[in-house]
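For reference, my_file.cif (mmCIF, C-alpha atoms and all ligand atoms):
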data_target
#
loop_
_atom_site.label_atom_id
_atom_site.label_comp_id
_atom_site.auth_asym_id
_atom_site.auth_seq_id
_atom_site.Cartn_x
_atom_site.Cartn_y
_atom_site.Cartn_z
CA MET Y 1 13.43 2.52 10.95
CA LYS Y 2 13.64 0.25 7.89
CA ASN Y 3 10.48 -1.75 7.21
CA ILE Y 4 11.87 -3.92 4.38
CA GLU Y 5 15.46 -4.95 3.80
CA TRP Y 6 17.10 -7.60 1.63
CA ARG Y 7 20.35 -8.66 3.28
CA ASN Y 8 22.45 -11.86 3.15
CA GLU Y 9 19.88 -13.71 1.02
CA THR Y 10 17.22 -12.96 3.67
CA LEU Y 11 14.17 -10.71 3.59
CA ILE Y 12 14.04 -8.76 6.85
CA LEU Y 13 10.59 -7.33 7.61
CA LEU Y 14 9.56 -5.07 10.46
CA ASP Y 15 6.59 -6.88 12.06
CA GLN Y 16 3.94 -4.15 11.90
CA THR Y 17 1.45 -6.18 13.96
CA LYS Y 18 3.71 -5.58 16.99
CA LEU Y 19 3.88 -1.79 16.65
CA PRO Y 20 3.82 0.55 18.48
CA THR Y 21 4.73 -1.39 21.61
CA GLU Y 22 7.45 -3.65 20.22
CA VAL Y 23 9.95 -3.21 17.40
CA GLU Y 24 10.51 -6.74 16.13
CA TYR Y 25 11.90 -8.02 12.84
CA ILE Y 26 11.13 -11.28 11.05
CA HIS Y 27 13.89 -12.91 9.00
CA CYS Y 28 12.35 -14.67 5.99
CA THR Y 29 14.44 -17.35 4.30
CA ASP Y 30 11.42 -19.19 2.84
CA TRP Y 31 8.86 -17.59 0.46
CA ARG Y 32 6.06 -19.10 2.60
CA GLN Y 33 7.13 -16.83 5.48
CA VAL Y 34 6.76 -13.88 3.12
CA ALA Y 35 3.28 -15.07 2.10
CA GLU Y 36 2.32 -15.47 5.76
CA ALA Y 37 3.70 -12.01 6.61
CA ILE Y 38 1.62 -10.44 3.81
CA LYS Y 39 -1.55 -12.33 4.78
CA MET Y 40 -1.21 -11.48 8.48
CA LEU Y 41 -0.35 -7.80 7.76
CA ARG Y 42 3.13 -8.05 9.29
CA VAL Y 43 4.06 -6.21 6.11
CA ARG Y 44 1.17 -4.17 4.71
CA GLY Y 45 0.29 -1.19 2.58
CA ALA Y 46 -0.09 -1.65 -1.18
CA PRO Y 47 3.43 -0.62 -2.34
CA ALA Y 48 5.17 -2.42 0.56
CA ILE Y 49 3.52 -5.77 -0.18
CA GLY Y 50 4.58 -5.42 -3.83
CA VAL Y 51 8.18 -4.80 -2.78
CA ALA Y 52 8.11 -7.71 -0.28
CA ALA Y 53 6.63 -10.08 -2.88
CA GLY Y 54 9.45 -9.19 -5.28
CA TYR Y 55 12.02 -10.38 -2.75
CA GLY Y 56 9.76 -13.36 -1.88
CA LEU Y 57 10.15 -14.53 -5.47
CA ILE Y 58 13.93 -14.77 -5.03
CA LEU Y 59 13.29 -17.18 -2.15
CA ALA Y 60 10.77 -19.14 -4.24
CA ALA Y 61 13.25 -19.46 -7.13
CA ARG Y 62 16.00 -20.49 -4.74
CA GLU Y 63 13.84 -23.29 -3.31
CA THR Y 64 13.03 -24.71 -6.74
CA SER Y 65 16.70 -24.54 -7.71
CA THR Y 66 17.63 -26.95 -4.91
CA ASN Y 67 15.47 -29.88 -6.04
CA ASP Y 68 16.67 -32.52 -8.53
CA LEU Y 69 14.01 -31.87 -11.17
CA PRO Y 70 14.84 -30.87 -14.77
CA PHE Y 71 14.95 -27.11 -15.42
CA ASN Y 72 11.48 -26.89 -17.04
CA GLU Y 73 9.89 -28.59 -14.02
CA GLN Y 74 11.77 -26.34 -11.63
CA LEU Y 75 10.42 -23.41 -13.59
CA SER Y 76 6.81 -24.70 -13.41
CA GLU Y 77 7.16 -25.15 -9.66
CA PHE Y 78 8.47 -21.58 -9.38
CA TYR Y 79 5.41 -20.30 -11.31
CA GLU Y 80 3.10 -22.21 -8.93
CA PHE Y 81 4.78 -20.61 -5.90
CA ALA Y 82 4.51 -17.18 -7.53
CA GLU Y 83 0.74 -17.65 -8.04
CA ILE Y 84 0.26 -18.53 -4.37
CA LEU Y 85 2.24 -15.47 -3.30
CA LYS Y 86 0.20 -13.27 -5.65
CA GLU Y 87 -3.10 -14.44 -4.19
CA THR Y 88 -2.30 -13.69 -0.54
CA ARG Y 89 -4.15 -10.34 -0.74
CA PRO Y 90 -6.54 -9.66 -3.62
CA THR Y 91 -7.40 -5.94 -3.47
CA ALA Y 92 -4.05 -4.13 -3.59
CA ILE Y 93 -2.96 -4.38 -7.21
CA ASN Y 94 0.66 -3.54 -6.37
CA LEU Y 95 1.14 -7.13 -5.21
CA ALA Y 96 -0.01 -8.71 -8.50
CA TRP Y 97 1.77 -5.92 -10.40
CA ALA Y 98 5.15 -6.69 -8.80
CA VAL Y 99 4.79 -10.46 -9.24
CA ASN Y 100 3.63 -10.09 -12.86
CA ARG Y 101 6.46 -7.66 -13.62
CA ILE Y 102 9.03 -10.23 -12.47
CA LEU Y 103 7.26 -13.16 -14.17
CA SER Y 104 7.09 -11.25 -17.47
CA MET Y 105 10.81 -10.52 -17.22
CA VAL Y 106 11.54 -14.22 -16.59
CA LYS Y 107 9.25 -15.36 -19.44
CA ALA Y 108 10.68 -12.84 -21.89
CA SER Y 109 14.30 -13.93 -21.33
CA ALA Y 110 15.74 -17.19 -22.61
CA PHE Y 111 17.08 -18.41 -19.28
CA THR Y 112 18.52 -21.92 -19.14
CA SER Y 113 19.16 -22.25 -15.42
CA MET Y 114 17.51 -21.32 -12.15
CA SER Y 115 20.69 -19.65 -10.94
CA ASP Y 116 20.51 -17.15 -13.83
CA ILE Y 117 16.85 -16.57 -12.98
CA ILE Y 118 17.71 -15.94 -9.31
CA THR Y 119 20.29 -13.32 -10.32
CA ALA Y 120 17.81 -11.60 -12.64
CA ILE Y 121 14.97 -11.63 -10.07
CA THR Y 122 17.26 -10.19 -7.41
CA LYS Y 123 18.13 -7.32 -9.72
CA GLU Y 124 14.48 -6.67 -10.63
CA ALA Y 125 13.25 -6.86 -7.00
CA GLU Y 126 15.89 -4.32 -6.00
CA ILE Y 127 14.83 -2.04 -8.88
CA ILE Y 128 11.17 -2.23 -7.78
CA HIS Y 129 12.22 -1.30 -4.23
CA LYS Y 130 14.46 1.59 -5.31
CA GLU Y 131 11.84 2.84 -7.77
CA ASP Y 132 9.21 2.97 -5.03
CA ILE Y 133 11.46 5.17 -2.87
CA GLU Y 134 11.98 7.55 -5.77
CA LEU Y 135 8.26 7.64 -6.76
CA ASN Y 136 7.30 8.59 -3.20
CA THR Y 137 9.58 11.63 -3.29
CA ARG Y 138 8.22 12.81 -6.64
CA MET Y 139 4.64 12.30 -5.44
CA ALA Y 140 5.32 14.32 -2.28
CA ASN Y 141 6.54 17.29 -4.32
CA HIS Y 142 3.54 17.19 -6.69
CA GLY Y 143 1.10 16.80 -3.78
CA ALA Y 144 2.53 19.78 -1.92
CA SER Y 145 1.97 21.95 -5.02
CA LEU Y 146 -1.80 21.64 -4.38
CA PHE Y 147 -1.32 23.72 -1.22
CA GLU Y 148 0.80 26.54 -2.65
CA GLY Y 149 0.40 29.77 -0.69
CA GLN Y 150 -1.49 28.05 2.16
CA GLN Y 151 -0.23 28.05 5.75
CA GLN Y 152 -1.30 26.32 8.97
CA ILE Y 153 -2.83 23.45 7.01
CA ARG Y 154 -4.77 20.74 8.86
CA ILE Y 155 -4.96 17.37 7.08
CA LEU Y 156 -7.07 14.35 7.90
CA THR Y 157 -5.72 10.93 6.88
CA HIS Y 158 -6.99 7.37 7.23
CA CYS Y 159 -5.18 4.06 7.75
CA ASN Y 160 -1.42 4.20 7.13
CA ALA Y 161 -0.10 5.37 3.79
CA GLY Y 162 3.30 6.22 5.18
CA ALA Y 163 6.89 5.01 5.24
CA LEU Y 164 5.68 1.77 6.84
CA ALA Y 165 3.38 1.12 3.87
CA THR Y 166 5.97 1.79 1.14
CA GLY Y 167 9.68 1.67 0.41
CA GLY Y 168 10.12 5.42 0.93
CA LEU Y 169 8.46 8.46 2.53
CA GLY Y 170 4.95 7.19 1.99
CA THR Y 171 2.23 8.28 -0.42
CA ALA Y 172 -0.31 10.37 1.58
CA LEU Y 173 2.21 10.78 4.40
CA GLY Y 174 4.92 11.68 1.86
CA VAL Y 175 2.83 14.72 0.86
CA ILE Y 176 2.21 15.49 4.54
CA ARG Y 177 5.95 15.22 5.29
CA LYS Y 178 6.71 17.65 2.47
CA LEU Y 179 4.15 20.18 3.80
CA HIS Y 180 5.75 19.81 7.23
CA SER Y 181 9.24 20.43 5.88
CA ASN Y 182 7.91 23.49 3.99
CA GLY Y 183 6.62 24.84 7.34
CA GLN Y 184 3.01 24.81 6.02
CA LEU Y 185 1.54 22.05 8.21
CA ALA Y 186 -0.32 22.80 11.43
CA MET Y 187 -1.76 19.37 12.27
CA VAL Y 188 -2.43 15.88 10.99
CA TYR Y 189 -5.64 14.27 12.24
CA ALA Y 190 -5.14 10.51 12.12
CA ASP Y 191 -8.21 8.28 12.00
CA GLU Y 192 -7.72 5.32 14.33
CA THR Y 193 -8.88 2.99 11.50
CA ARG Y 194 -10.95 0.16 12.88
CA PRO Y 195 -10.69 -2.79 13.15
CA LEU Y 196 -6.90 -3.18 13.09
CA LEU Y 197 -5.91 0.36 14.09
CA GLN Y 198 -3.34 1.10 11.39
CA GLY Y 199 -4.05 4.79 12.06
CA SER Y 200 -3.27 4.80 15.78
CA ARG Y 201 -0.67 2.03 15.85
CA LEU Y 202 1.22 3.04 12.70
CA THR Y 203 0.37 6.52 11.39
CA ALA Y 204 0.36 8.23 14.79
CA PHE Y 205 3.53 6.30 15.68
CA GLU Y 206 5.32 7.20 12.45
CA LEU Y 207 4.41 10.90 12.59
CA HIS Y 208 5.15 11.25 16.29
CA GLU Y 209 8.58 9.59 15.84
CA ASP Y 210 9.36 12.17 13.15
CA GLY Y 211 8.18 15.14 15.21
CA ILE Y 212 5.18 15.86 12.94
CA PRO Y 213 2.17 17.19 14.91
CA VAL Y 214 -0.53 14.52 15.06
CA THR Y 215 -3.91 14.30 16.76
CA LEU Y 216 -5.58 10.90 17.00
CA GLU Y 217 -9.32 10.53 16.56
CA THR Y 218 -11.53 7.46 16.37
CA ASP Y 219 -13.12 6.97 12.95
CA ASN Y 220 -16.53 8.15 14.12
CA MET Y 221 -15.08 11.55 15.11
CA ALA Y 222 -14.25 12.59 11.54
CA ALA Y 223 -17.68 14.17 10.90
CA TYR Y 224 -17.39 16.16 14.13
CA ALA Y 225 -13.88 17.36 13.23
CA MET Y 226 -15.06 18.52 9.79
CA GLN Y 227 -18.17 20.21 11.19
CA GLN Y 228 -16.01 22.07 13.72
CA GLY Y 229 -13.86 23.43 10.86
CA LEU Y 230 -10.76 21.52 11.99
CA ILE Y 231 -9.95 19.94 8.61
CA ASP Y 232 -8.68 21.74 5.47
CA ALA Y 233 -8.16 18.66 3.30
CA VAL Y 234 -8.26 14.86 3.39
CA ILE Y 235 -5.34 12.90 1.91
CA VAL Y 236 -5.41 9.09 1.71
CA GLY Y 237 -3.51 6.35 -0.11
CA ALA Y 238 -4.96 3.71 -2.44
CA ASP Y 239 -4.88 -0.03 -3.04
CA ARG Y 240 -6.25 0.05 -6.58
CA ILE Y 241 -7.39 2.81 -8.93
CA THR Y 242 -9.44 2.04 -12.03
CA THR Y 243 -9.25 3.86 -15.37
CA LYS Y 244 -12.37 5.87 -14.42
CA GLY Y 245 -10.66 7.03 -11.22
CA ASP Y 246 -12.59 4.89 -8.73
CA VAL Y 247 -10.37 4.16 -5.73
CA ALA Y 248 -10.20 1.14 -3.42
CA ASN Y 249 -8.61 1.95 -0.08
CA LYS Y 250 -8.90 0.92 3.57
CA ILE Y 251 -12.46 0.39 4.80
CA GLY Y 252 -13.85 3.73 5.93
CA THR Y 253 -12.30 5.78 3.12
CA TYR Y 254 -15.57 5.99 1.17
CA GLY Y 255 -17.40 7.33 4.24
CA LEU Y 256 -14.72 10.01 4.65
CA ALA Y 257 -15.09 11.04 1.00
CA VAL Y 258 -18.86 11.44 1.43
CA LEU Y 259 -18.28 13.52 4.55
CA ALA Y 260 -15.65 15.66 2.83
CA LYS Y 261 -18.10 16.38 -0.01
CA ALA Y 262 -20.83 17.35 2.49
CA HIS Y 263 -18.45 19.78 4.20
CA ASN Y 264 -16.91 21.13 0.98
CA ILE Y 265 -13.44 19.85 1.91
CA PRO Y 266 -11.05 18.67 -0.85
CA PHE Y 267 -10.49 14.91 -0.89
CA TYR Y 268 -7.14 13.83 -2.36
CA VAL Y 269 -5.73 10.38 -3.13
CA ALA Y 270 -1.96 9.81 -3.46
CA ALA Y 271 -0.65 6.74 -5.31
CA PRO Y 272 2.12 5.65 -7.70
CA TYR Y 273 1.47 4.20 -11.18
CA SER Y 274 1.80 0.66 -9.76
CA THR Y 275 -1.52 1.18 -7.92
CA PHE Y 276 -3.43 1.83 -11.16
CA ASP Y 277 -5.30 -1.05 -12.75
CA PHE Y 278 -5.23 0.00 -16.39
CA THR Y 279 -7.35 -3.05 -17.30
CA MET Y 280 -10.34 -2.18 -15.11
CA ALA Y 281 -12.75 0.71 -15.61
CA ASP Y 282 -15.42 0.35 -12.95
CA GLY Y 283 -14.55 0.29 -9.26
CA ARG Y 284 -17.46 -2.07 -8.59
CA ASN Y 285 -15.35 -4.82 -10.20
CA ILE Y 286 -12.48 -4.48 -7.72
CA PRO Y 287 -12.21 -7.65 -5.62
CA ILE Y 288 -12.67 -6.75 -1.96
CA GLU Y 289 -10.74 -8.77 0.58
CA MET Y 290 -13.01 -10.10 3.35
CA ARG Y 291 -11.09 -10.82 6.54
CA SER Y 292 -11.61 -13.00 9.56
CA ASP Y 293 -14.49 -12.37 12.00
CA ASP Y 294 -12.00 -12.45 14.86
CA GLU Y 295 -10.58 -9.08 13.82
CA VAL Y 296 -13.93 -7.51 14.72
CA LEU Y 297 -14.99 -9.79 17.58
CA SER Y 298 -11.86 -9.15 19.61
CA PHE Y 299 -8.85 -6.89 19.83
CA GLN Y 300 -5.40 -8.41 20.40
CA GLY Y 301 -6.99 -11.54 21.80
CA VAL Y 302 -9.42 -9.78 24.17
CA PRO Y 303 -13.09 -10.39 23.22
CA SER Y 304 -15.08 -7.22 22.50
CA ALA Y 305 -18.40 -8.77 21.34
CA PRO Y 306 -20.54 -11.80 22.19
CA THR Y 307 -19.36 -15.03 20.57
CA GLY Y 308 -21.56 -16.62 17.91
CA ILE Y 309 -22.79 -13.39 16.26
CA LYS Y 310 -22.44 -12.55 12.56
CA VAL Y 311 -19.72 -10.15 11.45
CA LEU Y 312 -19.12 -7.99 8.37
CA ASN Y 313 -15.41 -7.40 7.81
CA PRO Y 314 -14.44 -6.06 4.38
CA ALA Y 315 -10.87 -4.76 4.49
CA PHE Y 316 -11.47 -2.13 1.79
CA ASP Y 317 -14.19 -0.02 0.19
CA VAL Y 318 -14.40 1.79 -3.12
CA THR Y 319 -14.73 5.56 -3.39
CA PRO Y 320 -16.39 6.59 -6.67
CA HIS Y 321 -14.37 9.04 -8.74
CA GLU Y 322 -17.03 11.78 -8.42
CA LEU Y 323 -16.00 12.24 -4.79
CA ILE Y 324 -12.28 12.63 -5.49
CA SER Y 325 -10.93 16.17 -5.97
CA ALA Y 326 -7.57 15.08 -7.46
CA ILE Y 327 -5.20 12.09 -7.60
CA ILE Y 328 -1.54 12.76 -6.78
CA THR Y 329 0.95 10.61 -8.72
CA GLU Y 330 4.69 10.74 -9.43
CA GLU Y 331 3.90 12.15 -12.90
CA GLY Y 332 1.87 15.03 -11.48
CA VAL Y 333 -1.59 15.79 -10.10
CA LEU Y 334 -4.41 14.15 -12.06
CA GLN Y 335 -7.60 16.18 -12.26
CA PRO Y 336 -11.05 15.10 -13.45
CA ASN Y 337 -11.89 14.02 -16.18
CA TYR Y 338 -9.98 11.01 -14.83
CA GLU Y 339 -10.61 8.85 -17.88
CA MET Y 340 -8.50 11.35 -19.81
CA SER Y 341 -5.88 12.14 -17.16
CA ILE Y 342 -5.37 8.45 -16.27
CA LYS Y 343 -4.97 7.64 -19.98
CA GLN Y 344 -2.23 10.30 -20.15
CA LEU Y 345 -0.57 8.73 -17.10
CA GLN Y 346 -0.69 5.32 -18.79
CA ASP Y 347 0.84 6.76 -21.97
CA SER Y 348 3.72 8.35 -20.06
CA VAL Y 349 4.30 5.11 -18.10
CA ASN Y 350 4.44 3.17 -21.38
CA LYS Y 351 7.04 5.60 -22.74
CA ARG Y 352 9.41 5.09 -19.75
O1 LIG Q 401 -4.85 -3.53 5.05
P1 LIG Q 401 -3.72 -2.57 4.84
O2 LIG Q 401 -3.17 -2.03 6.12
O3 LIG Q 401 -2.66 -3.14 3.94
O4 LIG Q 401 -4.39 -1.34 4.06
C1 LIG Q 401 -3.55 -0.32 3.61
C2 LIG Q 401 -4.26 0.81 2.97
O5 LIG Q 401 -5.45 0.78 2.75
C3 LIG Q 401 -3.40 1.95 2.49
O6 LIG Q 401 -4.09 3.15 2.55
C4 LIG Q 401 -2.99 1.69 1.03
O7 LIG Q 401 -2.44 0.40 0.91
C5 LIG Q 401 -1.99 2.67 0.55
S1 LIG Q 401 -0.42 2.51 1.32
C6 LIG Q 401 0.62 3.64 0.61
#

Show the structure stored in the file as structure tokens.
Amino acid sequence: MKNIEWRNETLILLDQTKLPTEVEYIHCTDWRQVAEAIKMLRVRGAPAIGVAAGYGLILAARETSTNDLPFNEQLSEFYEFAEILKETRPTAINLAWAVNRILSMVKASAFTSMSDIITAITKEAEIIHKEDIELNTRMANHGASLFEGQQQIRILTHCNAGALATGGLGTALGVIRKLHSNGQLAMVYADETRPLLQGSRLTAFELHEDGIPVTLETDNMAAYAMQQGLIDAVIVGADRITTKGDVANKIGTYGLAVLAKAHNIPFYVAAPYSTFDFTMADGRNIPIEMRSDDEVLSFQGVPSAPTGIKVLNPAFDVTPHELISAIITEEGVLQPNYEMSIKQLQDSVNKR
């Protein structure tokens, strides 16, 4: 099932808010539809929103090319649209990374018409998409190397860091898929992931569709599962990783890392280079997206709390690097000291 496809000048997105009960696609011909889809989590997961935004910029450039303004004004309008698209979700750096990558390419080239810009953006957006597919595969192989010689492995994961969240196999779920194909995986425990249930709606759906053994648990069952000896390792994705190795990921990830430490269970994070914020050291500076009260006060339109009460709804939390056993990337497995290993990652990215 494709989650993102660019076809006939249209961005086709699988509407993830409808899963698992309905498989529906949205056809975006206007960049504002892409912005709405990102904001409303129709397309979600850090790498996937980066890929979608890349294609969204083609639509933004196309719109500016149809007005009667001089080229420099068309270009300024395009930059304004790009900024709006970039700000739809603040925590996952992949979104800003993809938009900035395309804007830098446009600014560095001496284009004289919007139609040349559209051609160049299309090429770059397709490269970003293809690259993500390839990075997922490399990450999966490196991640599986952490489990060499182990059999009957039971992994706990949180949220959805799978094919639905990326262009390819997934980050955390890419590693899990590789362990499954090696015959080493016994079970994936999927956290339901309150409040929007990415774990039950998406991860359990994705794994079940692919015949990978999955057991669903609500988030508050993770401590029980660990205490009962049901979990050998935790693997999660990431929305932003700082140069110290602090990791922002779906709300609840930090709690899992604390639990894993208390039960002496390795806690792994899987993410491509586009999730690293090489300009930020301390995870406390990561902007945390606060979402609407309604997501907590009701579920799919049905109230689940009294109206008029206060709600806390951060979409992400930050796990300090001390709690992370290793970070799986396409370049290899990064071990602590993360300041050093992330610097090496940055150097190899710069050499590409
Ligand atoms: O709010 P979401 O569903 O976009 O949150 C997604 C996550 O937190 C994922 O774990 C993260 O983006 C990594 S996806 C490979």

Which of these residues is nearest to ligand LIG 401 (chain Q), using only C-alpha atoms and all ligand atoms: Y:Asn67, Y:Gln344, Y:Thr171, Y:Ser200?
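That would be Y:Thr171, the residue with the smallest distance to ligand LIG 401 (chain Q).
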
Between atom CA of Ala96 of chain Y and atom CA of Thr329 of chain Y lies a distance of 19.3 Å

* Give me the residues within 12 Å of Gln33 of chain Y as a PyMOL selection string, counting all atoms listed in the file and dropping any in the same chain fewer than 4 places off. => chain Y and resi 10-13+15+26-29+37-43+52-53+55-57+59-60+85+88

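With only C-alpha atoms and all ligand atoms as the atoms that count, the set of residues no farther than 7 Å from ligand LIG 401 (chain Q) is Leu41, Arg44, Gly45, Ala46, Pro47, Ala92, His158, Cys159, Asn160, Ala161, Gly162, Ala165, Thr166, Gly170, Thr171, Ala172, Gln198, Val236, Gly237, Ala238, Asp239, Asn249, Lys250, Ala271, Ala315 and Phe316 of chain Y.
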
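Here atom CA of Glu206 of chain Y stands at a distance of 13.0 Å from atom CA of Tyr189 of chain Y.
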
query: So, counting all atoms listed in the file, which residue among Y:Glu80, Y:Glu209, Y:Glu9, Y:Glu330 is closest to Met139 of chain Y?
result: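 Result for the nearest residue to Met139 of chain Y: Y:Glu330.
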
Around the point (-6.1, 3.8, -10.6) (coordinates from the file), which residues reach within 12 Å if we count all atoms listed in the file? Answer as a PyMOL selection string. chain Y and resi 92-94+237-249+269-283+286+318-321+324+326-329+334+338-339+341-343+345-346

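Each of Y:Ala125, Y:Ile49, Y:Leu146, Y:Ala163 was checked against Ala35 of chain Y using all atoms listed in the file; the smallest atom-to-atom distance is that of Y:Ile49.
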
Requested in this report: Give me, please, the distance in Å between atom CA of Thr66 of chain Y and atom CA of Phe111 of chain Y, quoted to one decimal.
Outcome: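 Atom CA of Phe111 of chain Y lies 16.7 Å from atom CA of Thr66 of chain Y.
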
Show me, as an MDAnalysis selection string, the residues that have an atom within 12 Å of Thr21 of chain Y when counting all atoms listed in the file, minus same-chain residues fewer than 2 positions from it.
chainID Y and resid 15:19 23:24 200:202 205

**Q.** Point (-10.6, 5.3, 12.9), cut-off 6 Å, counting all atoms listed in the file, residues as a PyMOL selection string
**A.** chain Y and resi 191-194+218-219

Contacts of Leu156 of chain Y at 12 Å (only C-alpha atoms; same-chain gap of 2+ positions) as a PyMOL selection string: chain Y and resi 153-154+158-160+172-173+176+185-192+199+203-204+213-219+221-223+225-226+229-237+253+256-257+259-260+265-269

- Item | Contact residues around Leu297 of chain Y with all atoms listed in the file at 10 Å, ignoring same-chain residues under 2 positions, as a VMD selection string | chain Y and resid 195 292 to 295 299 301 to 311

Repaired coordinates for segment 60-81 of chain Y (N, CA and C atoms) as a compact mmCIF listing (two decimals), in the frame of the given file:
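Dumped to out_14.txt:
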# COMPACT_ATOMS: atom_id res chain seq x y z
N ALA Y 60 11.51 -18.07 -3.55
CA ALA Y 60 10.77 -19.14 -4.24
C ALA Y 60 11.66 -19.78 -5.31
N ALA Y 61 12.37 -18.94 -6.06
CA ALA Y 61 13.25 -19.46 -7.13
C ALA Y 61 14.39 -20.26 -6.52
N ARG Y 62 14.89 -19.78 -5.38
CA ARG Y 62 16.00 -20.49 -4.74
C ARG Y 62 15.56 -21.89 -4.30
N GLU Y 63 14.33 -21.97 -3.75
CA GLU Y 63 13.84 -23.29 -3.31
C GLU Y 63 13.74 -24.26 -4.49
N THR Y 64 13.18 -23.79 -5.60
CA THR Y 64 13.03 -24.71 -6.74
C THR Y 64 14.39 -25.11 -7.32
N SER Y 65 15.37 -24.22 -7.14
CA SER Y 65 16.70 -24.54 -7.71
C SER Y 65 17.40 -25.66 -6.94
N THR Y 66 16.92 -25.95 -5.72
CA THR Y 66 17.63 -26.95 -4.91
C THR Y 66 17.07 -28.37 -5.11
N ASN Y 67 15.95 -28.51 -5.85
CA ASN Y 67 15.47 -29.88 -6.04
C ASN Y 67 16.15 -30.51 -7.28
N ASP Y 68 15.94 -31.81 -7.46
CA ASP Y 68 16.67 -32.52 -8.53
C ASP Y 68 15.91 -32.58 -9.85
N LEU Y 69 14.85 -31.80 -9.96
CA LEU Y 69 14.01 -31.87 -11.17
C LEU Y 69 14.72 -31.21 -12.35
N PRO Y 70 14.31 -31.58 -13.60
CA PRO Y 70 14.84 -30.87 -14.77
C PRO Y 70 14.41 -29.40 -14.74
N PHE Y 71 15.16 -28.56 -15.47
CA PHE Y 71 14.95 -27.11 -15.42
C PHE Y 71 13.49 -26.70 -15.69
N ASN Y 72 12.85 -27.33 -16.72
CA ASN Y 72 11.48 -26.89 -17.04
C ASN Y 72 10.50 -27.19 -15.91
N GLU Y 73 10.78 -28.28 -15.16
CA GLU Y 73 9.89 -28.59 -14.02
C GLU Y 73 10.18 -27.67 -12.83
N GLN Y 74 11.44 -27.32 -12.68
CA GLN Y 74 11.77 -26.34 -11.63
C GLN Y 74 11.04 -25.03 -11.90
N LEU Y 75 11.05 -24.66 -13.18
CA LEU Y 75 10.42 -23.41 -13.59
C LEU Y 75 8.90 -23.45 -13.32
N SER Y 76 8.26 -24.61 -13.66
CA SER Y 76 6.81 -24.70 -13.41
C SER Y 76 6.52 -24.61 -11.92
N GLU Y 77 7.37 -25.22 -11.11
CA GLU Y 77 7.16 -25.15 -9.66
C GLU Y 77 7.29 -23.70 -9.19
N PHE Y 78 8.27 -22.99 -9.73
CA PHE Y 78 8.47 -21.58 -9.38
C PHE Y 78 7.20 -20.77 -9.73
N TYR Y 79 6.62 -21.02 -10.91
CA TYR Y 79 5.41 -20.30 -11.31
C TYR Y 79 4.25 -20.59 -10.35
N GLU Y 80 4.17 -21.85 -9.90
CA GLU Y 80 3.10 -22.21 -8.93
C GLU Y 80 3.27 -21.42 -7.63
N PHE Y 81 4.51 -21.35 -7.14
CA PHE Y 81 4.78 -20.61 -5.90
C PHE Y 81 4.41 -19.13 -6.09
